[in-house]
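Asker: Just protein.pdb, nothing more (PDB, C-alpha atoms and all ligand atoms):
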ATOM      1  CA  VAL Y1193      12.896 104.049 181.917
ATOM      2  CA  THR Y1194      12.284 106.885 179.467
ATOM      3  CA  LYS Y1195      12.160 110.344 180.981
ATOM      4  CA  LEU Y1196       9.402 112.540 179.594
ATOM      5  CA  VAL Y1197       8.192 116.103 179.648
ATOM      6  CA  ILE Y1198       4.827 116.956 178.063
ATOM      7  CA  ASP Y1199       4.135 120.424 176.646
ATOM      8  CA  THR Y1200       0.382 120.784 176.276
ATOM      9  CA  ASP Y1201      -2.785 122.879 175.718
ATOM     10  CA  PRO Y1202      -5.579 120.728 177.242
ATOM     11  CA  GLY Y1203      -7.799 120.005 175.299
ATOM     12  CA  VAL Y1204      -9.754 116.740 175.590
ATOM     13  CA  ASP Y1205      -7.229 114.581 173.736
ATOM     14  CA  ASP Y1206      -4.430 116.296 175.684
ATOM     15  CA  ALA Y1207      -6.177 115.193 178.899
ATOM     16  CA  PHE Y1208      -6.157 111.580 177.680
ATOM     17  CA  ALA Y1209      -2.505 111.933 176.629
ATOM     18  CA  ILE Y1210      -1.425 113.360 180.008
ATOM     19  CA  ALA Y1211      -3.250 110.544 181.807
ATOM     20  CA  LEU Y1212      -1.559 107.978 179.564
ATOM     21  CA  ALA Y1213       1.898 109.235 180.589
ATOM     22  CA  ALA Y1214       0.970 109.964 184.206
ATOM     23  CA  LEU Y1215      -0.291 106.415 184.780
ATOM     24  CA  SER Y1216       2.342 104.542 182.751
ATOM     25  CA  GLU Y1217       4.896 102.521 184.669
ATOM     26  CA  ASP Y1218       7.287 102.586 181.720
ATOM     27  CA  VAL Y1219       8.117 106.306 181.887
ATOM     28  CA  GLU Y1220       9.148 108.879 184.397
ATOM     29  CA  LEU Y1221       7.005 111.984 183.840
ATOM     30  CA  LEU Y1222       9.385 114.748 184.943
ATOM     31  CA  GLY Y1223       7.084 117.692 184.336
ATOM     32  CA  VAL Y1224       4.281 119.268 182.335
ATOM     33  CA  THR Y1225       4.463 122.683 180.677
ATOM     34  CA  THR Y1226       1.483 124.529 179.267
ATOM     35  CA  VAL Y1227       0.884 126.724 176.243
ATOM     36  CA  PHE Y1228      -2.041 128.640 174.707
ATOM     37  CA  GLY Y1229      -3.903 126.622 172.091
ATOM     38  CA  ASN Y1230      -7.230 124.876 172.242
ATOM     39  CA  VAL Y1231      -8.287 127.501 174.806
ATOM     40  CA  GLY Y1232      -6.463 130.364 176.528
ATOM     41  CA  LEU Y1233      -3.436 129.807 178.755
ATOM     42  CA  ASP Y1234      -5.324 130.189 182.075
ATOM     43  CA  ASN Y1235      -7.609 127.346 181.112
ATOM     44  CA  THR Y1236      -4.937 125.086 179.633
ATOM     45  CA  THR Y1237      -2.812 125.423 182.796
ATOM     46  CA  ARG Y1238      -5.744 124.754 185.103
ATOM     47  CA  ASN Y1239      -6.820 121.779 183.019
ATOM     48  CA  ALA Y1240      -3.336 120.229 182.975
ATOM     49  CA  ARG Y1241      -3.087 120.533 186.778
ATOM     50  CA  ARG Y1242      -6.532 119.052 187.282
ATOM     51  CA  VAL Y1243      -5.823 116.056 185.073
ATOM     52  CA  LEU Y1244      -2.645 115.369 187.062
ATOM     53  CA  ALA Y1245      -4.657 115.694 190.292
ATOM     54  CA  LEU Y1246      -7.161 113.177 188.873
ATOM     55  CA  CYS Y1247      -4.265 110.782 188.268
ATOM     56  CA  LYS Y1248      -2.953 111.451 191.795
ATOM     57  CA  ARG Y1249       0.256 112.862 190.336
ATOM     58  CA  GLY Y1250       0.627 115.981 192.479
ATOM     59  CA  ASP Y1251       4.356 115.168 192.476
ATOM     60  CA  VAL Y1252       4.664 116.314 188.825
ATOM     61  CA  PRO Y1253       5.648 119.993 188.503
ATOM     62  CA  VAL Y1254       3.594 122.175 186.133
ATOM     63  CA  ALA Y1255       4.804 125.478 184.670
ATOM     64  CA  GLU Y1256       2.988 127.946 182.482
ATOM     65  CA  GLY Y1257       4.399 128.952 179.103
ATOM     66  CA  ALA Y1258       3.460 131.174 176.170
ATOM     67  CA  ALA Y1259       0.090 132.931 175.973
ATOM     68  CA  ARG Y1260       0.461 133.801 172.263
ATOM     69  CA  PRO Y1261       2.458 132.767 169.187
ATOM     70  CA  LEU Y1262       6.006 134.011 168.541
ATOM     71  CA  VAL Y1263       5.097 136.381 165.707
ATOM     72  CA  HIS Y1264       1.360 136.588 165.174
ATOM     73  CA  PRO Y1265      -0.257 138.906 167.742
ATOM     74  CA  HIS Y1266      -3.354 136.824 168.418
ATOM     75  CA  PRO Y1267      -3.782 133.234 169.556
ATOM     76  CA  HIS Y1268      -6.357 131.246 167.618
ATOM     77  CA  ARG Y1269      -8.630 129.034 169.726
ATOM     78  CA  ALA Y1270     -10.510 125.801 169.146
ATOM     79  CA  ARG Y1271     -13.474 126.124 171.509
ATOM     80  CA  TYR Y1272     -15.611 124.729 168.702
ATOM     81  CA  VAL Y1273     -13.710 121.446 169.158
ATOM     82  CA  HIS Y1274     -13.004 121.196 172.890
ATOM     83  CA  GLY Y1275     -15.785 123.322 174.481
ATOM     84  CA  VAL Y1276     -15.653 126.647 176.359
ATOM     85  CA  ASP Y1277     -13.119 125.538 178.994
ATOM     86  CA  GLY Y1278     -11.204 123.079 176.776
ATOM     87  CA  LEU Y1279     -12.804 120.038 178.442
ATOM     88  CA  SER Y1280     -16.374 120.111 177.084
ATOM     89  CA  GLY Y1281     -17.391 122.579 179.819
ATOM     90  CA  ARG Y1282     -16.802 119.822 182.404
ATOM     91  CA  SER Y1283     -13.392 120.757 183.850
ATOM     92  CA  ALA Y1284     -14.903 121.758 187.226
ATOM     93  CA  ALA Y1285     -15.777 118.098 187.801
ATOM     94  CA  LEU Y1286     -12.069 117.271 188.103
ATOM     95  CA  PRO Y1287     -10.312 117.477 191.493
ATOM     96  CA  GLU Y1288      -8.720 120.762 192.562
ATOM     97  CA  PRO Y1289      -4.915 120.580 192.333
ATOM     98  CA  GLU Y1290      -2.978 121.122 195.534
ATOM     99  CA  ARG Y1291       0.486 121.714 194.111
ATOM    100  CA  PRO Y1292       1.064 125.340 193.048
ATOM    101  CA  VAL Y1293       2.307 126.253 189.573
ATOM    102  CA  GLU Y1294       6.135 126.402 189.372
ATOM    103  CA  ARG Y1295       7.627 129.869 189.449
ATOM    104  CA  GLY Y1296       9.675 131.126 186.508
ATOM    105  CA  GLY Y1297       7.637 129.704 183.643
ATOM    106  CA  ALA Y1298       7.738 126.823 181.195
ATOM    107  CA  VAL Y1299      11.094 127.475 179.538
ATOM    108  CA  ARG Y1300      12.836 127.705 182.894
ATOM    109  CA  LEU Y1301      11.241 124.455 184.103
ATOM    110  CA  LEU Y1302      12.160 122.680 180.862
ATOM    111  CA  ALA Y1303      15.751 123.899 181.173
ATOM    112  CA  ARG Y1304      15.980 122.852 184.828
ATOM    113  CA  LEU Y1305      14.601 119.372 184.122
ATOM    114  CA  LEU Y1306      17.109 118.900 181.286
ATOM    115  CA  GLU Y1307      19.983 120.182 183.411
ATOM    116  CA  ASP Y1308      19.093 117.965 186.360
ATOM    117  CA  SER Y1309      18.642 114.776 184.340
ATOM    118  CA  ASP Y1310      21.597 112.437 183.892
ATOM    119  CA  ASP Y1311      19.895 110.820 180.896
ATOM    120  CA  PRO Y1312      18.586 112.547 177.774
ATOM    121  CA  VAL Y1313      14.912 113.513 178.066
ATOM    122  CA  THR Y1314      12.081 113.030 175.547
ATOM    123  CA  ILE Y1315       9.971 116.153 175.065
ATOM    124  CA  VAL Y1316       6.409 115.605 173.803
ATOM    125  CA  PRO Y1317       4.801 118.791 172.469
ATOM    126  CA  ILE Y1318       1.077 118.250 171.921
ATOM    127  CA  GLY Y1319       0.088 121.890 171.389
ATOM    128  CA  PRO Y1320       1.555 124.877 169.523
ATOM    129  CA  LEU Y1321       5.385 124.730 169.498
ATOM    130  CA  THR Y1322       6.004 128.182 170.999
ATOM    131  CA  ASN Y1323       7.602 127.032 174.276
ATOM    132  CA  ILE Y1324       9.831 124.479 172.573
ATOM    133  CA  ALA Y1325      11.078 126.940 169.929
ATOM    134  CA  THR Y1326      11.878 129.397 172.720
ATOM    135  CA  LEU Y1327      13.768 126.725 174.656
ATOM    136  CA  LEU Y1328      15.828 125.729 171.592
ATOM    137  CA  ALA Y1329      16.655 129.366 170.863
ATOM    138  CA  ALA Y1330      17.491 130.281 174.454
ATOM    139  CA  ARG Y1331      19.434 127.194 175.517
ATOM    140  CA  PRO Y1332      21.542 125.683 172.705
ATOM    141  CA  ASP Y1333      23.800 124.316 175.456
ATOM    142  CA  LEU Y1334      20.996 121.919 176.406
ATOM    143  CA  HIS Y1335      20.187 120.512 172.945
ATOM    144  CA  HIS Y1336      22.324 117.445 173.661
ATOM    145  CA  LYS Y1337      20.137 116.642 176.687
ATOM    146  CA  ILE Y1338      17.078 116.203 174.436
ATOM    147  CA  ALA Y1339      16.714 112.575 173.304
ATOM    148  CA  ARG Y1340      13.813 113.226 170.934
ATOM    149  CA  VAL Y1341      11.046 115.737 170.409
ATOM    150  CA  VAL Y1342       7.910 113.705 169.620
ATOM    151  CA  ILE Y1343       5.410 116.183 168.188
ATOM    152  CA  MET Y1344       1.715 115.764 167.533
ATOM    153  CA  GLY Y1345       1.204 117.976 164.534
ATOM    154  CA  GLY Y1346       1.176 118.424 160.818
ATOM    155  CA  ALA Y1347      -0.831 117.167 157.899
ATOM    156  CA  LEU Y1348       0.519 115.411 154.831
ATOM    157  CA  LEU Y1349      -2.624 115.500 152.706
ATOM    158  CA  HIS Y1350      -5.030 118.081 154.105
ATOM    159  CA  GLY Y1351      -5.486 120.041 157.299
ATOM    160  CA  ASN Y1352      -8.130 120.404 159.972
ATOM    161  CA  THR Y1353      -7.834 124.120 160.761
ATOM    162  CA  SER Y1354      -7.404 125.247 157.166
ATOM    163  CA  ALA Y1355      -7.301 123.342 153.918
ATOM    164  CA  ALA Y1356      -3.535 123.072 154.295
ATOM    165  CA  ALA Y1357      -2.749 123.172 158.000
ATOM    166  CA  GLU Y1358      -3.182 121.127 161.146
ATOM    167  CA  PHE Y1359      -4.103 123.069 164.315
ATOM    168  CA  ASN Y1360      -0.866 122.837 166.353
ATOM    169  CA  ILE Y1361       1.327 123.909 163.445
ATOM    170  CA  TRP Y1362      -1.161 126.519 162.208
ATOM    171  CA  SER Y1363      -1.263 128.054 165.704
ATOM    172  CA  ASP Y1364       2.434 129.024 165.540
ATOM    173  CA  PRO Y1365       4.100 128.196 162.216
ATOM    174  CA  GLU Y1366       7.255 130.205 162.962
ATOM    175  CA  ALA Y1367       7.801 128.202 166.157
ATOM    176  CA  ALA Y1368       7.118 124.953 164.309
ATOM    177  CA  GLN Y1369       9.654 125.862 161.630
ATOM    178  CA  ARG Y1370      12.288 126.569 164.276
ATOM    179  CA  VAL Y1371      11.731 123.169 165.909
ATOM    180  CA  LEU Y1372      11.106 120.995 162.838
ATOM    181  CA  GLY Y1373      12.977 122.789 160.101
ATOM    182  CA  GLY Y1374      16.045 123.688 162.118
ATOM    183  CA  GLY Y1375      17.630 120.254 162.387
ATOM    184  CA  GLU Y1376      18.889 121.121 165.884
ATOM    185  CA  VAL Y1377      17.341 118.177 167.749
ATOM    186  CA  PRO Y1378      15.950 114.802 166.582
ATOM    187  CA  CYS Y1379      12.231 115.203 165.845
ATOM    188  CA  VAL Y1380       9.419 112.733 165.325
ATOM    189  CA  LEU Y1381       6.297 114.184 163.710
ATOM    190  CA  VAL Y1382       2.967 112.432 164.337
ATOM    191  CA  PRO Y1383       0.635 113.981 161.749
ATOM    192  CA  MET Y1384      -3.153 113.963 161.736
ATOM    193  CA  ASP Y1385      -3.134 111.616 158.724
ATOM    194  CA  LEU Y1386      -2.084 108.859 161.129
ATOM    195  CA  THR Y1387      -3.948 110.037 164.257
ATOM    196  CA  TYR Y1388      -7.261 109.984 162.359
ATOM    197  CA  ARG Y1389      -6.728 106.331 161.514
ATOM    198  CA  CYS Y1390      -6.403 105.601 165.254
ATOM    199  CA  ALA Y1391      -9.802 107.114 166.182
ATOM    200  CA  VAL Y1392     -11.695 105.328 168.972
ATOM    201  CA  ASP Y1393     -15.400 104.481 168.876
ATOM    202  CA  ARG Y1394     -18.260 104.529 171.361
ATOM    203  CA  ALA Y1395     -17.639 100.942 172.466
ATOM    204  CA  TRP Y1396     -14.007 101.782 173.304
ATOM    205  CA  LEU Y1397     -15.136 104.797 175.344
ATOM    206  CA  ASP Y1398     -17.828 102.807 177.150
ATOM    207  CA  ALA Y1399     -15.249 100.200 178.131
ATOM    208  CA  LEU Y1400     -12.929 102.938 179.410
ATOM    209  CA  ALA Y1401     -15.759 104.519 181.407
ATOM    210  CA  ALA Y1402     -16.457 101.169 183.063
ATOM    211  CA  SER Y1403     -12.790 100.511 183.854
ATOM    212  CA  GLY Y1404     -12.568 102.624 187.018
ATOM    213  CA  PRO Y1405     -12.750 106.173 188.387
ATOM    214  CA  VAL Y1406     -10.032 107.693 186.166
ATOM    215  CA  GLY Y1407     -11.523 106.169 183.022
ATOM    216  CA  ALA Y1408     -14.981 107.375 184.044
ATOM    217  CA  ALA Y1409     -13.727 110.908 184.785
ATOM    218  CA  LEU Y1410     -11.862 111.145 181.458
ATOM    219  CA  THR Y1411     -14.844 109.864 179.499
ATOM    220  CA  ALA Y1412     -17.049 112.468 181.214
ATOM    221  CA  LEU Y1413     -14.922 115.196 179.547
ATOM    222  CA  THR Y1414     -15.821 114.141 176.007
ATOM    223  CA  PRO Y1415     -19.365 115.300 175.047
ATOM    224  CA  ASP Y1416     -18.437 118.466 173.092
ATOM    225  CA  TYR Y1417     -15.381 116.780 171.569
ATOM    226  CA  LEU Y1418     -17.486 113.817 170.451
ATOM    227  CA  ALA Y1419     -20.035 116.178 168.920
ATOM    228  CA  HIS Y1420     -17.255 117.793 166.856
ATOM    229  CA  TYR Y1421     -15.764 114.472 165.749
ATOM    230  CA  ARG Y1422     -19.159 113.089 164.822
ATOM    231  CA  LYS Y1423     -19.096 115.783 162.126
ATOM    232  CA  ALA Y1424     -15.414 115.394 161.262
ATOM    233  CA  LEU Y1425     -15.469 111.583 161.047
ATOM    234  CA  GLY Y1426     -19.060 110.971 160.035
ATOM    235  CA  TRP Y1427     -19.471 108.335 162.786
ATOM    236  CA  ASP Y1428     -19.751 108.219 166.583
ATOM    237  CA  GLY Y1429     -16.136 108.344 167.714
ATOM    238  CA  MET Y1430     -13.241 110.698 168.424
ATOM    239  CA  VAL Y1431      -9.581 111.161 167.564
ATOM    240  CA  LEU Y1432      -7.049 110.904 170.403
ATOM    241  CA  HIS Y1433      -4.382 112.816 168.402
ATOM    242  CA  ASP Y1434      -2.115 113.683 171.315
ATOM    243  CA  ALA Y1435      -2.230 110.251 172.905
ATOM    244  CA  VAL Y1436      -0.773 108.779 169.688
ATOM    245  CA  ALA Y1437       2.350 110.918 170.133
ATOM    246  CA  VAL Y1438       2.600 110.075 173.842
ATOM    247  CA  ALA Y1439       2.316 106.369 172.990
ATOM    248  CA  GLU Y1440       5.369 106.685 170.718
ATOM    249  CA  ALA Y1441       7.252 108.508 173.477
ATOM    250  CA  ILE Y1442       6.426 105.767 176.004
ATOM    251  CA  SER Y1443       7.023 102.894 173.627
ATOM    252  CA  PRO Y1444       9.515 103.923 170.912
ATOM    253  CA  GLY Y1445       8.757 102.156 167.647
ATOM    254  CA  ILE Y1446       5.042 101.608 168.320
ATOM    255  CA  LEU Y1447       4.599 103.888 165.296
ATOM    256  CA  ARG Y1448       6.400 103.174 162.016
ATOM    257  CA  THR Y1449       8.335 106.240 160.883
ATOM    258  CA  GLU Y1450      10.094 107.342 157.729
ATOM    259  CA  ALA Y1451      12.908 109.917 157.653
ATOM    260  CA  VAL Y1452      12.004 112.728 155.243
ATOM    261  CA  PRO Y1453      12.858 116.419 154.967
ATOM    262  CA  VAL Y1454      10.140 118.612 156.501
ATOM    263  CA  ALA Y1455       9.633 122.373 156.287
ATOM    264  CA  VAL Y1456       6.805 124.537 157.571
ATOM    265  CA  GLU Y1457       5.114 127.187 155.425
ATOM    266  CA  THR Y1458       5.290 130.501 157.287
ATOM    267  CA  SER Y1459       3.932 132.892 154.645
ATOM    268  CA  PHE Y1460       0.632 134.605 155.383
ATOM    269  CA  GLY Y1461      -1.042 133.023 152.356
ATOM    270  CA  PRO Y1462      -3.555 130.185 152.172
ATOM    271  CA  ALA Y1463      -0.906 127.535 152.903
ATOM    272  CA  ARG Y1464       0.248 129.138 156.190
ATOM    273  CA  GLY Y1465       1.068 126.376 158.661
ATOM    274  CA  ALA Y1466       1.298 123.601 156.074
ATOM    275  CA  THR Y1467       3.928 120.929 156.701
ATOM    276  CA  LEU Y1468       5.855 120.369 153.511
ATOM    277  CA  VAL Y1469       7.125 116.805 153.443
ATOM    278  CA  ASP Y1470       9.557 116.100 150.618
ATOM    279  CA  GLN Y1471       8.613 112.611 149.509
ATOM    280  CA  ARG Y1472      10.638 112.632 146.277
ATOM    281  CA  ARG Y1473      13.224 109.891 146.023
ATOM    282  CA  PRO Y1474      16.688 111.376 146.731
ATOM    283  CA  GLU Y1475      17.811 110.374 143.200
ATOM    284  CA  LEU Y1476      15.024 112.466 141.718
ATOM    285  CA  ARG Y1477      15.853 115.444 143.920
ATOM    286  CA  ALA Y1478      19.389 115.289 142.564
ATOM    287  CA  ASP Y1479      18.132 115.165 138.951
ATOM    288  CA  THR Y1480      15.796 118.112 139.273
ATOM    289  CA  GLU Y1481      18.530 120.139 140.995
ATOM    290  CA  VAL Y1482      15.897 121.565 143.325
ATOM    291  CA  PRO Y1483      17.197 120.472 146.711
ATOM    292  CA  GLU Y1484      14.970 119.527 149.583
ATOM    293  CA  THR Y1485      13.801 122.256 151.893
ATOM    294  CA  GLY Y1486      13.823 121.470 155.565
ATOM    295  CA  ALA Y1487      15.597 119.122 157.896
ATOM    296  CA  PRO Y1488      15.284 115.339 158.216
ATOM    297  CA  VAL Y1489      12.368 114.437 160.487
ATOM    298  CA  SER Y1490      10.996 110.989 161.359
ATOM    299  CA  VAL Y1491       7.404 111.180 160.187
ATOM    300  CA  ALA Y1492       5.000 108.612 161.648
ATOM    301  CA  VAL Y1493       3.201 106.917 158.778
ATOM    302  CA  ASP Y1494       1.702 103.692 160.119
ATOM    303  CA  THR Y1495       0.941 101.595 163.187
ATOM    304  CA  ASP Y1496      -0.971  98.513 164.280
ATOM    305  CA  VAL Y1497      -4.158 100.461 165.009
ATOM    306  CA  ASP Y1498      -5.928  97.819 167.115
ATOM    307  CA  ALA Y1499      -2.817  97.226 169.211
ATOM    308  CA  LEU Y1500      -2.506 100.973 169.781
ATOM    309  CA  ARG Y1501      -6.130 101.252 170.982
ATOM    310  CA  THR Y1502      -5.492  98.388 173.396
ATOM    311  CA  PHE Y1503      -2.306 100.119 174.612
ATOM    312  CA  PHE Y1504      -4.329 103.300 175.338
ATOM    313  CA  ALA Y1505      -7.006 101.427 177.223
ATOM    314  CA  GLU Y1506      -4.575  99.420 179.328
TER     315      GLU Y1506
HETATM  316  C1  LIG P   1      -4.347 118.917 167.653
HETATM  317  O1  LIG P   1      -5.075 120.127 167.845
HETATM  318  C2  LIG P   1      -5.690 120.122 169.093
HETATM  319  O2  LIG P   1      -7.017 120.526 168.988
HETATM  320  C3  LIG P   1      -5.577 118.731 169.651
HETATM  321  O3  LIG P   1      -5.438 118.786 171.056
HETATM  322  C4  LIG P   1      -4.340 118.192 168.983
HETATM  323  O4  LIG P   1      -3.179 118.543 169.717
HETATM  324  C5  LIG P   1      -4.980 118.135 166.524
HETATM  325  O5  LIG P   1      -4.935 118.870 165.352
HETATM  326 CA    CA P   2      -3.300 119.416 172.013
END
Can you present the structure in this file as structure tokens?
Answerer:
Amino acid sequence: VTKLVIDTDPGVDDAFAIALAALSEDVELLGVTTVFGNVGLDNTTRNARRVLALCKRGDVPVAEGAARPLVHPHPHRARYVHGVDGLSGRSAALPEPERPVERGGAVRLLARLLEDSDDPVTIVPIGPLTNIATLLAARPDLHHKIARVVIMGGALLHGNTSAAAEFNIWSDPEAAQRVLGGGEVPCVLVPMDLTYRCAVDRAWLDALAASGPVGAALTALTPDYLAHYRKALGWDGMVLHDAVAVAEAISPGILRTEAVPVAVETSFGPARGATLVDQRRPELRADTEVPETGAPVSVAVDTDVDALRTFFAE
């Protein structure tokens, strides 16, 4: 079975993604680390622990990571998407976690889980990449223990936080460039171009709500998120961005990927946080004598959307 660690900033779609991994029999969820992002770090940590408690996974250790980006002094938040507490203002309805937060922080927990595992581990960052960049910088001796880093992030055509950038990358572009552009570990990038195509509708949510107590509790976290996506999509549904990346981590190949060079724009101009995907044919790159920027990354470009929605629900 695949061994997984999720790095997360819950977030409504993060909550669905954590539940997907926590309840899957095909993976061993070794731990969850938290990062600032959709809301502040206190809230993201509390939310992650509560979602695990909902799934009766008090055995999974949780450690708290970065409260701000590597370089920029201020975290940006997305309360306008996920509500005041990150879960549509409904997080208090989830069970109180019993297991305390791990001491020593996210990077130490990640390092310990990699050290202790006999098999390589898949890391699934579904928030800003600050913790993962720090891990790669601090522990090059552990790179070989990382099977893949399956990242929800990036935008090929246009962003959601700015015209150019997707939220997770925009939140810490320097960290994203270290992870994606460094070529140090194999990366899969699951961009919003694909996650949007996997949006779920009201009927899907109603069926989930009727499926049992966990489905009902998750669905109860969605009102503010649905209100945002009604505007973003133009219809009554929502995008489970982070769950698309977790699905690929659980079931490698469920998304079709293409290997292309990727670099992240880190200037403080209007394209800050853009993911630059070099889609020129290699022959053309050679002709123009302008080499690719960035490292080869497997970018998720397609999937069987109906099969993926069924996979989530099951
Ligand atoms: C990403 O940003 C966050 O709001 C979501 O949780 C997801 O990780 C989508 O751009
Ligand atoms: Ca997220």
Asker: Restricting the calculation to all atoms listed in the file: of Y:Val1204, Y:Val1224, Y:Leu1262, Y:Leu1244, which residue gets closest to Glu1294 in chain Y?
Answerer: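 Result for the nearest residue to Glu1294 in chain Y: Y:Val1224.
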Asker: Taking the file as shown, find all residues satisfying the PyMOL selection byres (((not hetatm)) within 7 of (chain P and resi 2)) and write them as a count of residues only.
Answerer: 10
Asker: List the residues matched by the PyMOL selection byres (((chain Y and resi 1367) around 7) and not hetatm) in the displayed structure as a ChimeraX atom specification, ordered by chain and then by residue number.
Answerer: /Y:1262,1321-1322,1325,1364-1366,1368-1371
Asker: Per residue of chain Y within 9 Å of ligand LIG 1 (chain P), which atom pair is closest and at what distance in Å (one decimal), using all atoms listed in the file, listed by chain and increasing number, as JSON lines?
Answerer:
{"residue": "Y:Thr1200", "atom": "CA", "partner": "P:LIG1", "partner_atom": "O4", "distance": 7.8}
{"residue": "Y:Asp1201", "atom": "CA", "partner": "P:LIG1", "partner_atom": "O3", "distance": 6.7}
{"residue": "Y:Pro1202", "atom": "CA", "partner": "P:LIG1", "partner_atom": "O3", "distance": 6.5}
{"residue": "Y:Gly1203", "atom": "CA", "partner": "P:LIG1", "partner_atom": "O3", "distance": 5.0}
{"residue": "Y:Val1204", "atom": "CA", "partner": "P:LIG1", "partner_atom": "O3", "distance": 6.6}
{"residue": "Y:Asp1205", "atom": "CA", "partner": "P:LIG1", "partner_atom": "O3", "distance": 5.3}
{"residue": "Y:Asp1206", "atom": "CA", "partner": "P:LIG1", "partner_atom": "O3", "distance": 5.4}
{"residue": "Y:Ala1207", "atom": "CA", "partner": "P:LIG1", "partner_atom": "O3", "distance": 8.7}
{"residue": "Y:Gly1229", "atom": "CA", "partner": "P:LIG1", "partner_atom": "C2", "distance": 7.4}
{"residue": "Y:Asn1230", "atom": "CA", "partner": "P:LIG1", "partner_atom": "O2", "distance": 5.4}
{"residue": "Y:Arg1269", "atom": "CA", "partner": "P:LIG1", "partner_atom": "O2", "distance": 8.7}
{"residue": "Y:Ala1270", "atom": "CA", "partner": "P:LIG1", "partner_atom": "O2", "distance": 6.3}
{"residue": "Y:Arg1271", "atom": "CA", "partner": "P:LIG1", "partner_atom": "O2", "distance": 8.9}
{"residue": "Y:Val1273", "atom": "CA", "partner": "P:LIG1", "partner_atom": "O2", "distance": 6.8}
{"residue": "Y:His1274", "atom": "CA", "partner": "P:LIG1", "partner_atom": "O2", "distance": 7.2}
{"residue": "Y:Pro1317", "atom": "CA", "partner": "P:LIG1", "partner_atom": "O4", "distance": 8.4}
{"residue": "Y:Ile1318", "atom": "CA", "partner": "P:LIG1", "partner_atom": "O4", "distance": 4.8}
{"residue": "Y:Gly1319", "atom": "CA", "partner": "P:LIG1", "partner_atom": "O4", "distance": 5.0}
{"residue": "Y:Pro1320", "atom": "CA", "partner": "P:LIG1", "partner_atom": "O4", "distance": 7.9}
{"residue": "Y:Met1344", "atom": "CA", "partner": "P:LIG1", "partner_atom": "O4", "distance": 6.0}
{"residue": "Y:Gly1345", "atom": "CA", "partner": "P:LIG1", "partner_atom": "O5", "distance": 6.3}
{"residue": "Y:Gly1346", "atom": "CA", "partner": "P:LIG1", "partner_atom": "O5", "distance": 7.6}
{"residue": "Y:Ala1347", "atom": "CA", "partner": "P:LIG1", "partner_atom": "O5", "distance": 8.7}
{"residue": "Y:Gly1351", "atom": "CA", "partner": "P:LIG1", "partner_atom": "O5", "distance": 8.2}
{"residue": "Y:Asn1352", "atom": "CA", "partner": "P:LIG1", "partner_atom": "O5", "distance": 6.4}
{"residue": "Y:Thr1353", "atom": "CA", "partner": "P:LIG1", "partner_atom": "O5", "distance": 7.6}
{"residue": "Y:Ala1357", "atom": "CA", "partner": "P:LIG1", "partner_atom": "O5", "distance": 8.8}
{"residue": "Y:Glu1358", "atom": "CA", "partner": "P:LIG1", "partner_atom": "O5", "distance": 5.1}
{"residue": "Y:Phe1359", "atom": "CA", "partner": "P:LIG1", "partner_atom": "O5", "distance": 4.4}
{"residue": "Y:Asn1360", "atom": "CA", "partner": "P:LIG1", "partner_atom": "O1", "distance": 5.2}
{"residue": "Y:Ile1361", "atom": "CA", "partner": "P:LIG1", "partner_atom": "O5", "distance": 8.3}
{"residue": "Y:Pro1383", "atom": "CA", "partner": "P:LIG1", "partner_atom": "O5", "distance": 8.2}
{"residue": "Y:Met1384", "atom": "CA", "partner": "P:LIG1", "partner_atom": "O5", "distance": 6.4}
{"residue": "Y:Thr1387", "atom": "CA", "partner": "P:LIG1", "partner_atom": "C5", "distance": 8.5}
{"residue": "Y:Val1431", "atom": "CA", "partner": "P:LIG1", "partner_atom": "C5", "distance": 8.4}
{"residue": "Y:Leu1432", "atom": "CA", "partner": "P:LIG1", "partner_atom": "C4", "distance": 7.9}
{"residue": "Y:His1433", "atom": "CA", "partner": "P:LIG1", "partner_atom": "C4", "distance": 5.4}
{"residue": "Y:Asp1434", "atom": "CA", "partner": "P:LIG1", "partner_atom": "O4", "distance": 5.2}
{"residue": "Y:Ala1435", "atom": "CA", "partner": "P:LIG1", "partner_atom": "O4", "distance": 8.9}
Asker: Output the residue selection produced by the PyMOL selection byres (((chain Y and resi 1450) around 8) and not hetatm) on the file above, formatted as a list in words.
Answerer: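 That selection, the PyMOL selection byres (((chain Y and resi 1450) around 8) and not hetatm), comes back as Arg1448, Thr1449, Ala1451, Val1452, Val1489, Ser1490, Val1491, Ala1492 and Val1493 of chain Y.
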Asker: With only C-alpha atoms as the atoms that count, which of Y:Ile1210, Y:Ala1391, Y:Ala1499, Y:Leu1418 lies nearest to Val1252 in chain Y?
Answerer: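 Using only C-alpha atoms, Val1252 in chain Y sits closest to Y:Ile1210.
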Asker: Hey, what's within 9 Å of Val1342 in chain Y if we count all atoms listed in the file and toss same-chain stuff fewer than 4 positions away? As a PyMOL selection string, please?
Answerer: chain Y and resi 1314-1318+1378-1382+1437-1438+1440-1441
Asker: Taking only C-alpha atoms into account, name the residue in Y:Arg1282, Y:Lys1423, Y:Arg1291, Y:His1336 that is nearest to Ala1303 in chain Y.
Answerer: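 Ranking Y:Arg1282, Y:Lys1423, Y:Arg1291, Y:His1336 by distance to Ala1303 in chain Y, first place goes to Y:His1336.
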